[in-house]
Every structure is written in structure tokens, then in C-alpha cells.
$ cat start20.cif   # mmCIF, C-alpha atoms
data_my_file
#
loop_
_atom_site.label_atom_id
_atom_site.label_comp_id
_atom_site.auth_asym_id
_atom_site.auth_seq_id
_atom_site.Cartn_x
_atom_site.Cartn_y
_atom_site.Cartn_z
CA MET J 242 100.49 109.06 86.23
CA ALA J 243 97.44 106.98 85.62
CA GLY J 244 97.20 107.89 81.94
CA PRO J 245 100.52 106.65 80.54
CA VAL J 246 100.49 103.61 82.78
CA GLY J 247 97.05 102.77 81.45
CA CYS J 248 98.36 102.96 77.91
CA ARG J 249 101.20 100.65 78.79
CA GLY J 250 98.80 98.12 80.21
CA LEU J 251 96.74 98.40 77.07
CA ARG J 252 99.65 97.91 74.71
CA HIS J 253 100.95 94.81 76.43
CA GLY J 254 97.48 93.51 76.84
CA HIS J 255 97.38 93.25 73.10
CA VAL J 256 100.72 91.54 73.00
CA ALA J 257 99.29 88.93 75.32
CA LEU J 258 96.51 88.25 72.84
CA THR J 259 99.01 86.50 70.59
CA PRO J 260 100.92 84.33 73.05
CA ARG J 261 104.34 83.16 72.06
CA PRO J 262 105.10 79.49 72.26
CA GLY J 263 106.85 78.30 75.40
CA HIS J 264 106.15 79.07 79.00
CA SER J 265 108.50 81.84 79.89
CA GLY J 266 107.64 83.56 83.11
CA THR J 267 105.90 80.68 84.88
CA VAL J 268 108.38 81.18 87.69
CA ALA J 269 107.49 84.86 87.86
CA ILE J 270 103.79 84.06 88.04
CA CYS J 271 104.25 81.50 90.81
CA LEU J 272 106.60 83.81 92.70
CA SER J 273 104.12 86.66 92.53
CA PHE J 274 101.48 84.40 94.07
CA VAL J 275 103.86 83.30 96.83
CA VAL J 276 104.67 86.94 97.59
CA ALA J 277 100.94 87.71 97.66
CA LEU J 278 100.39 84.87 100.15
CA ILE J 279 103.23 86.17 102.32
CA LEU J 280 101.82 89.69 102.23
CA THR J 281 98.46 88.27 103.28
CA SER J 282 99.87 86.80 106.47
CA VAL J 283 102.32 89.54 107.45
CA PRO J 284 101.07 90.88 110.77
CA LEU J 285 99.89 94.48 110.69
CA PRO J 286 99.06 96.89 113.52
CA ALA J 287 95.53 96.25 114.78
CA ALA J 288 94.22 99.54 113.36
CA LEU J 289 95.42 98.69 109.85
CA ALA J 290 94.80 94.95 109.83
CA ALA J 291 91.24 95.19 108.55
CA TRP J 292 92.35 97.44 105.67
CA ARG J 293 94.87 94.98 104.29
CA PRO J 294 94.35 94.79 100.50
CA SER J 295 93.32 91.40 99.12
CA TRP J 296 96.75 90.76 97.66
CA VAL J 297 96.03 87.27 96.38
CA ALA J 298 92.81 88.28 94.65
CA MET J 299 94.53 91.31 93.12
CA THR J 300 97.42 89.23 91.79
CA LEU J 301 95.01 86.66 90.45
CA MET J 302 92.96 89.29 88.65
CA PHE J 303 96.09 90.87 87.21
CA TRP J 304 97.26 87.63 85.65
CA CYS J 305 93.74 86.79 84.50
CA LEU J 306 93.63 90.14 82.72
CA VAL J 307 97.00 90.01 81.02
CA LEU J 308 97.49 86.25 80.53
CA PRO J 309 93.99 84.81 80.36
CA ASP J 310 95.21 81.66 78.65
CA ARG J 311 97.76 80.88 81.36
CA VAL J 312 96.06 81.78 84.61
CA GLY J 313 92.45 80.86 85.08
CA ILE J 314 89.86 79.24 87.27
CA GLY J 315 92.05 76.24 88.09
CA SER J 316 94.82 78.46 89.45
CA ALA J 317 92.18 80.45 91.31
CA TRP J 318 90.89 77.32 93.02
CA VAL J 319 94.35 76.14 94.07
CA LEU J 320 95.16 79.61 95.41
CA GLY J 321 91.88 79.72 97.27
CA ILE J 322 92.60 76.40 98.98
CA LEU J 323 96.08 77.63 99.94
CA LEU J 324 94.53 80.80 101.34
CA ASP J 325 91.97 78.82 103.31
CA VAL J 326 94.58 76.55 104.82
CA GLN J 327 96.90 79.44 105.58
CA GLY J 328 94.18 81.33 107.40
CA GLY J 329 92.75 78.27 109.10
CA ALA J 330 89.41 79.05 107.47
CA LEU J 331 86.74 76.66 106.26
CA LEU J 332 88.19 74.72 103.31
CA GLY J 333 86.76 76.06 100.07
CA GLN J 334 85.60 79.38 101.45
CA ASN J 335 88.13 81.49 99.56
CA ALA J 336 88.39 78.93 96.75
CA LEU J 337 84.75 79.50 95.85
CA GLY J 338 85.04 83.29 95.84
CA LEU J 339 88.32 83.36 93.90
CA CYS J 340 86.94 80.95 91.26
CA ILE J 341 83.98 83.23 90.73
CA ILE J 342 85.99 86.41 90.36
CA ALA J 343 88.50 84.62 88.12
CA TYR J 344 85.61 83.51 85.92
CA LEU J 345 84.18 87.01 85.76
CA THR J 346 87.58 88.56 85.04
CA LEU J 347 88.25 86.06 82.26
CA ARG J 348 84.81 86.58 80.83
CA LEU J 349 85.28 90.34 80.59
CA HIS J 350 89.06 90.58 80.28
CA LYS J 351 88.98 92.15 76.84
CA GLN J 352 86.79 95.00 78.03
CA ILE J 353 88.54 95.52 81.35
CA ARG J 354 91.95 95.52 79.73
CA VAL J 355 91.18 98.57 77.62
CA PHE J 356 89.69 100.54 80.48
CA PRO J 357 91.76 103.40 81.88
CA LEU J 358 93.36 102.37 85.18
CA LEU J 359 90.93 104.36 87.31
CA GLN J 360 87.98 102.69 85.70
CA GLN J 361 89.72 99.36 86.11
CA SER J 362 90.05 100.00 89.83
CA VAL J 363 86.32 100.49 90.09
CA VAL J 364 85.67 97.16 88.38
CA ILE J 365 88.26 95.51 90.64
CA CYS J 366 86.54 97.01 93.67
CA PHE J 367 83.23 95.62 92.48
CA TYR J 368 84.71 92.14 92.00
CA LEU J 369 86.31 92.23 95.44
CA LEU J 370 83.01 93.26 97.01
CA LEU J 371 81.52 90.22 95.32
CA LEU J 372 84.33 88.05 96.73
CA GLU J 373 83.69 89.44 100.20
CA PHE J 374 80.00 88.92 99.78
CA PHE J 375 80.58 85.22 99.11
CA THR J 376 82.88 84.98 102.12
CA LEU J 377 80.27 86.73 104.25
CA TRP J 378 77.63 84.37 102.96
CA VAL J 379 79.65 81.26 103.78
CA ARG J 380 80.61 82.59 107.19
CA GLY J 381 77.03 83.50 107.91
CA ILE J 382 75.89 79.98 107.09
CA THR J 383 78.59 78.40 109.25
CA GLY J 384 77.72 80.67 112.17
CA VAL J 385 80.78 82.90 112.43
CA PRO J 386 79.76 86.14 110.69
CA PRO J 387 82.22 89.05 110.87
CA GLN J 388 80.85 91.68 113.22
CA HIS J 389 82.23 94.92 111.94
CA TRP J 390 81.71 96.99 108.82
CA THR J 391 85.48 97.03 108.18
CA PHE J 392 84.96 93.54 106.79
CA TRP J 393 84.34 95.34 103.51
CA ALA J 394 87.44 97.54 103.83
CA PRO J 395 89.86 95.41 101.74
CA ALA J 396 87.82 96.15 98.60
CA ALA J 397 88.32 99.88 99.15
CA SER J 398 92.04 99.67 99.94
CA SER J 399 92.62 97.34 96.99
CA MET J 400 90.81 99.75 94.74
CA LEU J 401 93.02 102.61 95.87
CA LEU J 402 96.17 100.56 95.40
CA TRP J 403 95.20 99.01 92.07
CA PRO J 404 96.84 101.60 89.72
CA LEU J 405 100.13 101.36 91.58
CA PHE J 406 99.83 97.60 91.83
CA PHE J 407 99.08 97.21 88.14
CA ALA J 408 102.05 99.35 87.16
CA THR J 409 104.40 97.42 89.43
CA MET J 410 103.16 94.06 88.26
CA ASN J 411 103.48 95.13 84.65
CA ALA J 412 107.09 96.11 85.26
CA VAL J 413 107.71 92.74 86.89
CA ARG J 414 106.04 91.02 83.98
CA HIS J 415 108.36 92.70 81.53
CA LYS J 416 111.45 92.04 83.55
CA TYR J 417 110.68 88.31 83.61
CA LYS J 418 109.16 88.26 80.13
CA ALA J 419 105.96 86.60 81.23
CA PHE J 420 103.98 86.82 77.98
CA MET L 70 81.21 75.48 87.49
CA LEU L 71 82.99 72.26 88.40
CA PHE L 72 85.34 74.16 90.70
CA VAL L 73 82.45 75.92 92.35
CA LEU L 74 80.74 72.60 93.02
CA VAL L 75 83.97 71.12 94.39
CA SER L 76 84.40 74.16 96.64
CA VAL L 77 80.89 73.85 97.99
CA ALA L 78 81.34 70.12 98.56
CA LEU L 79 84.61 70.80 100.38
CA MET L 80 82.98 73.40 102.60
CA VAL L 81 80.14 71.11 103.55
CA THR L 82 82.48 68.22 104.29
CA ASP L 83 84.87 70.39 106.24
CA HIS L 84 82.07 71.91 108.27
CA LYS L 85 80.30 68.69 109.14
CA TYR L 86 83.00 66.03 109.31
CA ARG L 87 86.66 65.71 110.09
CA HIS L 88 87.72 63.67 107.05
CA LEU L 89 89.60 66.53 105.45
CA GLU L 90 92.04 67.09 108.30
CA VAL L 91 94.76 64.99 106.62
CA PHE L 92 94.39 66.98 103.40
CA ARG L 93 94.46 70.25 105.30
CA SER L 94 97.41 69.17 107.38
CA GLY L 95 99.40 68.29 104.24
CA ILE L 96 98.75 71.62 102.56
CA SER L 97 99.27 73.41 105.83
CA THR L 98 102.75 71.93 106.08
CA MET L 99 103.46 73.24 102.58
CA VAL L 100 102.17 76.69 103.48
CA TYR L 101 104.21 76.87 106.69
CA PRO L 102 107.33 78.33 105.00
CA VAL L 103 105.18 81.15 103.64
CA GLN L 104 103.82 81.90 107.10
CA TYR L 105 107.27 81.63 108.62
CA THR L 106 108.63 84.14 106.11
CA ALA L 107 105.76 86.48 106.88
CA SER L 108 106.45 86.25 110.61
CA LEU L 109 110.09 87.19 109.99
CA VAL L 110 108.97 90.67 109.00
CA VAL L 111 108.13 91.28 112.65
CA GLU L 112 110.47 88.71 114.11
CA LEU L 113 113.75 89.89 112.58
CA PRO L 114 113.69 93.46 113.95
CA ARG L 115 112.81 92.03 117.35
CA ARG L 116 115.76 89.64 117.21
CA VAL L 117 118.09 92.41 116.10
CA VAL L 118 116.92 94.56 119.01
CA THR L 119 117.53 91.68 121.40
CA ALA L 120 120.96 91.07 119.95
CA LEU L 121 121.86 94.75 120.30
CA ALA L 122 120.38 95.15 123.76
CA PRO L 123 122.94 96.70 126.09
CA ARG L 124 124.61 94.36 128.50
CA GLN L 125 123.40 96.38 131.46
CA ALA L 126 119.74 95.89 130.47
CA LEU L 127 120.26 92.16 130.08
CA LEU L 128 121.95 91.93 133.47
CA GLU L 129 119.07 93.83 135.06
CA GLU L 130 116.51 91.59 133.40
CA ASN L 131 118.45 88.54 134.50
CA ALA L 132 118.49 89.75 138.09
CA ARG L 133 114.79 90.46 137.99
CA LEU L 134 114.03 87.02 136.59
CA ARG L 135 116.20 85.38 139.25
CA GLU L 136 114.27 87.20 141.94
CA GLU L 137 110.99 86.17 140.38
CA GLN L 138 112.13 82.56 140.14
CA LEU L 139 113.13 82.59 143.79
CA SER L 140 109.78 83.87 144.93
CA LEU L 141 107.97 81.39 142.69
CA HIS L 142 110.10 78.59 144.11
CA SER L 143 109.15 79.47 147.65
CA ARG L 144 105.50 79.46 146.62
CA LEU L 145 106.05 76.11 144.94
CA GLN L 146 107.27 74.58 148.20
CA GLN L 147 103.92 75.39 149.75
CA VAL L 148 102.19 73.94 146.72
CA ALA L 149 104.03 70.66 147.22
CA ALA L 150 102.81 70.51 150.81
CA LEU L 151 99.26 71.40 149.75
CA GLU L 152 99.37 68.81 147.00
CA ASP L 153 100.30 66.14 149.52
CA GLU L 154 97.53 67.25 151.81
CA ASN L 155 95.07 67.26 148.94
CA ARG L 156 96.12 63.73 148.00
CA ARG L 157 95.60 62.50 151.59
CA LEU L 158 92.19 64.18 151.86
CA ARG L 159 91.12 62.83 148.48
CA ALA L 160 92.23 59.38 149.56
CA LEU L 161 90.04 59.76 152.65
CA LEU L 162 87.13 60.72 150.42
CA ASP L 163 87.86 57.89 147.99
CA ALA L 164 88.14 60.35 145.12
CA PRO L 165 90.70 59.60 142.42
CA VAL L 166 93.78 61.80 142.40
CA ALA L 167 94.86 63.69 139.32
CA LEU L 168 97.16 66.65 139.53
CA HIS L 169 99.97 66.16 137.10
CA GLU L 170 99.89 66.94 133.46
CA ARG L 171 102.59 66.88 130.85
CA VAL L 172 103.33 70.32 129.38
CA GLN L 173 105.38 71.72 126.55
CA VAL L 174 106.25 75.31 125.74
CA ALA L 175 105.08 76.56 122.35
CA GLU L 176 105.80 79.89 120.74
CA LEU L 177 103.18 81.95 119.00
CA ILE L 178 104.11 82.79 115.41
CA SER L 179 103.10 86.32 114.59
CA VAL L 180 101.06 85.98 111.42
CA GLU L 181 97.67 87.14 110.35
CA LEU L 182 95.03 84.42 109.99
CA GLU L 183 91.43 84.62 108.81
CA PRO L 184 90.17 88.17 109.36
CA PHE L 185 87.60 88.75 112.12
CA ARG L 186 88.34 85.46 113.84
CA LYS L 187 90.39 85.02 116.99
CA LYS L 188 92.98 82.43 116.08
CA ALA L 189 96.70 82.01 116.49
CA LEU L 190 99.47 79.92 115.00
CA ILE L 191 101.98 78.07 117.20
CA ASN L 192 105.28 76.48 116.26
CA LYS L 193 104.47 72.97 117.51
CA GLY L 194 102.72 70.35 115.43
CA GLN L 195 102.22 66.66 114.80
CA THR L 196 105.92 65.92 115.22
CA HIS L 197 105.66 67.26 118.78
CA GLY L 198 102.58 65.19 119.56
CA VAL L 199 100.06 68.00 119.35
CA PHE L 200 96.47 66.85 118.73
CA ALA L 201 93.26 68.60 117.73
CA GLY L 202 91.28 69.75 120.74
CA GLN L 203 94.33 70.03 122.96
CA PRO L 204 94.13 72.78 125.60
CA LEU L 205 96.61 75.65 125.52
CA ILE L 206 97.37 77.83 128.54
CA ASN L 207 99.79 80.59 129.44
CA ALA L 208 100.97 82.17 132.65
CA GLY L 209 97.59 83.82 133.24
CA GLY L 210 95.17 81.02 132.44
CA ILE L 211 93.52 79.16 129.60
CA MET L 212 94.15 80.59 126.14
CA GLY L 213 92.24 78.26 123.87
CA GLN L 214 92.39 74.92 122.13
CA ILE L 215 94.10 73.43 119.11
CA MET L 216 91.95 73.51 116.00
CA HIS L 217 94.08 72.17 113.14
CA VAL L 218 97.41 70.38 113.34
CA SER L 219 100.07 70.19 110.65
CA LEU L 220 103.55 68.70 110.81
CA LEU L 221 105.37 71.66 112.32
CA SER L 222 102.65 74.09 113.33
CA SER L 223 99.11 74.20 114.66
CA THR L 224 96.22 76.62 114.55
CA VAL L 225 94.74 77.62 117.89
CA LEU L 226 91.15 78.68 118.41
CA LEU L 227 91.33 81.32 121.14
CA LEU L 228 88.83 81.67 123.98
CA THR L 229 87.73 85.02 122.58
CA ASP L 230 86.61 83.61 119.20
CA GLN L 231 82.89 83.76 118.61
CA ALA L 232 82.80 80.04 117.87
CA HIS L 233 84.46 79.09 121.18
CA SER L 234 82.79 78.11 124.43
CA ILE L 235 84.23 76.57 127.56
CA PRO L 236 82.48 75.01 130.56
CA VAL L 237 83.38 76.95 133.69
CA LEU L 238 82.45 77.41 137.33
CA LEU L 239 82.63 80.30 139.74
CA ASN L 240 85.56 79.73 142.03
CA ARG L 241 83.73 81.31 145.00
CA ASN L 242 80.57 79.21 145.05
CA GLY L 243 80.87 76.58 142.33
CA LEU L 244 78.11 78.05 140.16
CA ARG L 245 78.39 76.32 136.79
CA ALA L 246 78.21 78.19 133.49
CA VAL L 247 79.49 78.33 129.95
CA ALA L 248 81.90 81.10 128.92
CA SER L 249 81.77 82.02 125.25
CA GLY L 250 83.87 84.32 123.12
CA LEU L 251 82.35 87.28 121.34
CA GLY L 252 84.88 87.75 118.57
CA GLU L 253 86.36 90.76 120.37
CA ASP L 254 89.65 91.06 122.19
CA ASN L 255 89.59 90.70 125.96
CA VAL L 256 85.90 89.99 126.43
CA LEU L 257 84.05 86.78 127.20
CA THR L 258 80.43 86.34 128.13
CA LEU L 259 78.80 83.96 130.60
CA GLU L 260 75.72 82.44 129.05
CA HIS L 261 72.41 81.63 130.69
CA ILE L 262 73.08 83.10 134.12
CA PRO L 263 69.73 83.52 135.95
CA LEU L 264 68.97 87.04 137.21
CA SER L 265 69.00 85.77 140.77
CA ALA L 266 72.38 84.00 140.55
CA ASP L 267 74.94 84.79 143.22
CA ILE L 268 77.61 86.41 141.09
CA ARG L 269 79.63 89.54 141.77
CA GLU L 270 82.08 91.71 139.93
CA GLY L 271 85.63 90.48 140.37
CA ASP L 272 84.63 86.83 140.86
CA LEU L 273 87.21 84.42 139.47
CA VAL L 274 85.89 81.99 136.88
CA VAL L 275 87.82 78.73 136.40
CA SER L 276 87.46 75.82 134.01
CA SER L 277 85.13 73.14 135.33
CA GLY L 278 86.52 70.16 133.43
CA LEU L 279 83.07 69.24 132.18
CA GLY L 280 83.14 68.46 128.51
CA ARG L 281 86.49 66.72 129.04
CA LYS L 282 88.40 69.05 126.76
CA PHE L 283 89.95 71.32 129.35
CA PRO L 284 91.42 70.24 132.68
CA ARG L 285 89.59 71.67 135.64
CA GLY L 286 90.73 74.46 137.90
CA TYR L 287 92.58 76.70 135.44
CA PRO L 288 91.61 80.40 135.48
CA VAL L 289 89.46 81.50 132.57
CA GLY L 290 88.57 85.04 133.53
CA ALA L 291 87.31 87.50 136.09
CA VAL L 292 83.80 88.93 136.10
CA ALA L 293 84.09 92.46 134.74
CA SER L 294 80.46 93.57 134.63
CA ILE L 295 76.99 92.25 135.33
CA ARG L 296 73.87 93.79 133.86
CA ARG L 297 70.57 92.56 135.21
CA ALA L 298 67.89 94.08 133.00
CA PRO L 299 64.40 93.56 134.36
CA GLY L 300 62.34 91.72 131.79
CA GLU L 301 65.28 89.77 130.45
CA LEU L 302 65.50 86.08 131.22
CA PHE L 303 69.22 86.03 131.89
CA ALA L 304 71.77 88.43 133.29
CA SER L 305 74.37 89.69 130.86
CA VAL L 306 77.75 88.90 132.39
CA ARG L 307 81.06 89.98 130.85
CA LEU L 308 84.42 88.47 131.74
CA THR L 309 87.95 89.68 131.23
CA PRO L 310 90.08 86.67 130.22
CA SER L 311 92.83 85.84 132.72
CA ALA L 312 95.28 84.83 130.03
CA LYS L 313 96.46 88.03 128.44
CA ILE L 314 95.48 86.75 125.02
CA GLY L 315 97.24 88.72 122.34
CA MET L 316 99.92 90.01 124.70
CA THR L 317 101.96 86.85 125.26
CA ARG L 318 104.37 85.16 122.89
CA GLU L 319 104.72 81.88 124.76
CA ALA L 320 102.09 79.34 125.61
CA LEU L 321 101.97 75.93 127.27
CA LEU L 322 100.49 72.90 125.60
CA LEU L 323 98.83 70.56 128.10
CA TRP L 324 98.56 66.82 127.80
CA PRO L 325 95.84 66.10 130.35
CA ASP L 326 96.09 62.83 132.28
CA GLN L 327 93.73 60.17 131.06
CA SER L 328 92.57 59.73 134.64
CA ASP L 329 91.93 63.46 134.92
CA ALA L 330 88.73 63.38 132.91
CA ALA L 331 87.44 60.53 135.03
CA ALA L 332 88.49 62.36 138.18
CA SER L 333 86.63 65.50 137.25
CA ASP L 334 83.58 63.44 136.41
CA THR L 335 83.36 61.91 139.85
CA ALA L 336 84.29 65.17 141.49
CA MET L 337 81.60 67.06 139.67
CA SER L 338 78.77 64.63 140.26
CA PRO L 339 76.57 66.00 143.04
#
$ encode --input "start20.cif" --output "C-alpha cells"
Amino acid sequence: MAGPVGCRGLRHGHVALTPRPGHSGTVAICLSFVVALILTSVPLPAALAAWRPSWVAMTLMFWCLVLPDRVGIGSAWVLGILLDVQGGALLGQNALGLCIIAYLTLRLHKQIRVFPLLQQSVVICFYLLLLEFFTLWVRGITGVPPQHWTFWAPAASSMLLWPLFFATMNAVRHKYKAF
Amino acid sequence: MLFVLVSVALMVTDHKYRHLEVFRSGISTMVYPVQYTASLVVELPRRVVTALAPRQALLEENARLREEQLSLHSRLQQVAALEDENRRLRALLDAPVALHERVQVAELISVELEPFRKKALINKGQTHGVFAGQPLINAGGIMGQIMHVSLLSSTVLLLTDQAHSIPVLLNRNGLRAVASGLGEDNVLTLEHIPLSADIREGDLVVSSGLGRKFPRGYPVGAVASIRRAPGELFASVRLTPSAKIGMTREALLLWPDQSDAAASDTAMSP
């Protein structure tokens, strides 16, 4: 399944290189972020809670990959602040991490876009580990470090879900013509 | 780069000062619908189950609750008598009296907050008069304190969070200590207890009212284990929190009397 989906992502990636005038699909982009925020705060059983994928970061990276001229570091910062407030975390903690991974994704979006989906997932996993590292760093400085190795689990679960996620988001993108 | 700098500045300000609370509260109010929607995922099935519950079960529950209320009422009568007695004795001792506090029921909203922290969201906020630092209890004992307030909701820092500590005393002998969370469910630790301290398993630990955040006399936990390792400076004491944190859906917000803090001060001075 990964192969054809990867090709699809590739093809439309190139479409996105020549953006059409107008801002079709802004609603879809915003909605996808809202859904990601909701998914982040849906309660899960205790055993699964630590393995929740980083939905917001994944959505952000998706849009940074396919629409780099529409979604960027500014959106990442706003999302990060929303995520911080929603979780009651230190203000700026997620904003910092999301800005950094948005920057990296934008910087390398042309390469990442042509990767097969599996290879993309590995890159995504690496970025998410970086995001978690920044969170760990900030939490360490403020004196509330996470005390369990499952702190790193979201990177793994996001990596596993990325091909499916990418395919779904691409379908959504086409439905709402977000180019 | 600019955004990174802004983020770092925000983090420093938020960590050191309280200036950003208004900003946070505003955004928090905007985010509340998102959290509410998320809680519906769990909430809706529960409501449907309640709505479909057979009449017989409801009748049984009603009867059970009536019975419980009756027994609590009879206990309450004794409390009234004891309260009067306490007031008279305190008057004899010239100690100020403070027993009554205003309370309000709040409901916990089932959403996930920052991972690896012990926090909760309740459905009462600024519009209900909630303030930062306000104590929250439930039927078992103290649950935690309010951390951030927005218009319609507030974030609670639970006793079990690793950043939370509460001044306590042993109900049996008045030994004073500080109970801190460890970031794990259902465990607290008593800090700086000398090896020779008179403390036993099963001892009830209540809030001492020092620090003026929590009213005194509410249960915090029971001593679950004591480990006195020779060579260590302090005994390692674990508590089980009295409030079944994480099991309850309702909580009580307390508005402590202004005189209460003063009362506990005089009462605590040796």
C-alpha cells in the first residue's frame, strides 16, 4: 500500500510547487488543526495514554510538506501556544519545539516530499524525537522532568501511523482542494 | 529565529512571574470548546448508559443513597454538638473560631493534559469566582489546588504531581511535615522525617494549614510504608492519598474564611 500512496503524495507535492491564486482550503487546514487538538486531549486508557501520537505535530509537518508557502513557522508557533494552554503546560514549551520542527521540515521539504512513505516516517520520527528532546530539556530546566521512558513513545507511534495519516490527509486535501 | 526567541522569553516569564495569566486565561477560554468536544468522546457513552439504565437499578441506587444520606445526617447531628463544644472551649482558650467555609461542587472534565504531569480540568472558572491557588477537596480529602483559571474552566494541580507539596501534620501526635507528590498515581512522600520520628504505618496525615493555602484538618493521606535505612539522614515515608484522585468525577472548591488563616496561625504557634 505504501508504494502507490507514496507516488500520490509525490505527484501532488509537485502540484503544490506552483500554487494557484486564491486561498482555497484554508478552512480545511484550520479544521485539521482543530481536529488534531481535539485528538490530543481525548482521554485514553492509562496503558495507551503515553503512546498517543503527536497529532498536532504530525498535522503541522504534513501541511509544511505539501503547502510550504501557506503553513510555516508562524502557524507552528500559534499551534504550540494553543497546545501549551490546552495542556496547562509552561507557555512556549511546545511553541518552541513546533517552531523548530516546522523550520526543519520547511528547510528540507523538497527532499522529504520525494521520499517513499516509509522513509518519510523515519524522518518524521527523527523530527518528533527532536521535539520531545526540546520538551524534555525545558521540563528538566523547570524541575518537572518526565520520569518514564514512555515519554519518547509518541515518536514511535507517530512513525508507525505516518503512512496511514499521510494518505488520509492527502485524501482530505483533495476533497477540500487545499492547494 | 524570532519565534524561538519569543518562545524562550515566554517560558522564562511564565516560569518566574505571573504576568501572563491574563493571556493564558484568554486563550484557555478559546480552547475550552476543543477540550469540551474531546471530553464528549467519553462523556456521551456514559450519558447514554445513564439514560438507558433500567428503572430498577435507578430505584435501588436511589434507596441506597437515601440510606447513606440518613446515616450521614445522624453523624452530622453529632458534629453540630461537637462544633458547639469546640466553639465554647476555644472561647475559653481565647483562640479565634473558624469552622465554616464556602464550598461549590465542580465536575472534573475528562481530558488529557500535559503528559507525565498530574493535572485535571474542572468545569468552574472565573465566572464562578475560582482563583489561582484555591484548594480543591473531594469526599476523601484534599485533591489539589487550582493552577490556572479561565472563564469557564480551571486547571488543577493534583497532590500527586511532582511539583506539588503541602504542609501536613500527623493526626496522632501533631508531628509536622511536608507531603510531596512523586508524579505517580496514588503515592505521596513525606519529606525530611528524622529516623527517630514517632510515625507508624496507618497514621492519618492531615493538612496543617501552615502556608495558608490549604485549610487545616483535612485528610491528605495515610502512611503506607516507612523505610528507615541505617546511614540515611531521613526515613523514606510513603503515603496513600485519602482523596481517591483519579477515581472521582466530582470535587469541592473551598473558599477558606479569611479568619481561618489567622486562626491556624495562632493555633499552630507553640
$ interface_residues --input "start20.cif" --of "chain J" --to "chain L" --cutoff "6 Å" --atoms "all atoms listed in the file" --output "list in words"
Ile279, Ser282, Val283, Pro284, Val326, Gly328, Leu332, Gly333, Leu337 and Pro387 of chain J
$ atom_distance --input "start20.cif" --atom1 "CA of Ile314 (chain J)" --atom2 "CA of Leu371 (chain J)"
16.0 Å
$ closest_residue --input "start20.cif" --among "J:Leu349, J:Thr300, J:Trp403, J:Phe375" --to "Leu272 (chain J)" --atoms "all atoms listed in the file"
J:Thr300
$ atom_distance --input "start20.cif" --atom1 "CA of Arg285 (chain L)" --atom2 "CA of Leu238 (chain L)"
9.3 Å
$ residues_around --input "start20.cif" --residues "Val247 (chain L)" --least-positions-apart "5" --cutoff "12 Å" --atoms "all atoms listed in the file" --output "PDB file with C-alpha atoms, in the coordinates of the input"
ATOM      1  CA  LEU L 228      88.830  81.670 123.980  1.00  0.00           C
ATOM      2  CA  HIS L 233      84.460  79.090 121.180  1.00  0.00           C
ATOM      3  CA  SER L 234      82.790  78.110 124.430  1.00  0.00           C
ATOM      4  CA  ILE L 235      84.230  76.570 127.560  1.00  0.00           C
ATOM      5  CA  PRO L 236      82.480  75.010 130.560  1.00  0.00           C
ATOM      6  CA  VAL L 237      83.380  76.950 133.690  1.00  0.00           C
ATOM      7  CA  LEU L 238      82.450  77.410 137.330  1.00  0.00           C
ATOM      8  CA  LEU L 239      82.630  80.300 139.740  1.00  0.00           C
ATOM      9  CA  LEU L 257      84.050  86.780 127.200  1.00  0.00           C
ATOM     10  CA  THR L 258      80.430  86.340 128.130  1.00  0.00           C
ATOM     11  CA  LEU L 259      78.800  83.960 130.600  1.00  0.00           C
ATOM     12  CA  GLU L 260      75.720  82.440 129.050  1.00  0.00           C
ATOM     13  CA  HIS L 261      72.410  81.630 130.690  1.00  0.00           C
ATOM     14  CA  ILE L 262      73.080  83.100 134.120  1.00  0.00           C
ATOM     15  CA  VAL L 274      85.890  81.990 136.880  1.00  0.00           C
ATOM     16  CA  VAL L 275      87.820  78.730 136.400  1.00  0.00           C
ATOM     17  CA  SER L 276      87.460  75.820 134.010  1.00  0.00           C
ATOM     18  CA  SER L 277      85.130  73.140 135.330  1.00  0.00           C
ATOM     19  CA  GLY L 278      86.520  70.160 133.430  1.00  0.00           C
ATOM     20  CA  LEU L 279      83.070  69.240 132.180  1.00  0.00           C
ATOM     21  CA  GLY L 280      83.140  68.460 128.510  1.00  0.00           C
ATOM     22  CA  VAL L 289      89.460  81.500 132.570  1.00  0.00           C
ATOM     23  CA  GLY L 290      88.570  85.040 133.530  1.00  0.00           C
ATOM     24  CA  VAL L 306      77.750  88.900 132.390  1.00  0.00           C
ATOM     25  CA  ARG L 307      81.060  89.980 130.850  1.00  0.00           C
ATOM     26  CA  LEU L 308      84.420  88.470 131.740  1.00  0.00           C
TER      27      LEU L 308
END
$ residues_around --input "start20.cif" --residues "Met316 (chain L)" --least-positions-apart "5" --cutoff "12 Å" --atoms "only C-alpha atoms" --output "number ranges by chain"
L: 177, 179, 189, 207-209, 212, 254-255, 310-311
$ resolve_selection --input "start20.cif" --expression "the PyMOL selection byres ((chain J and resi 404) around 8)" --output "PyMOL selection string"
chain J and resi 243+358-359+362+401-403+405-408
$ resolve_selection --input "start20.cif" --expression "the PyMOL selection byres ((chain L and resi 171) around 6)" --output "JSON, numbers by chain"
{"L": [170, 172, 323, 324]}
$ atom_distance --input "start20.cif" --atom1 "CA of Leu244 (chain L)" --atom2 "CA of Ile211 (chain L)"
18.7 Å
$ closest_residue --input "start20.cif" --among "J:Val297, J:Leu369, J:Leu345, J:Leu324" --to "Pro395 (chain J)" --atoms "all atoms listed in the file"
J:Leu369
$ resolve_selection --input "start20.cif" --expression "the PyMOL selection byres ((chain L and resi 194) around 9)" --output "PyMOL selection string"
chain L and resi 191-193+195-200+218-223
$ closest_residue --input "start20.cif" --among "J:Ala290, J:Ile341, J:Val268, J:Leu331" --to "Val379 (chain J)" --atoms "only C-alpha atoms"
J:Leu331
$ closest_residue --input "start20.cif" --among "L:Lys187, L:Arg115, L:Gly300, L:Val256" --to "Ala330 (chain J)" --atoms "all atoms listed in the file"
L:Lys187
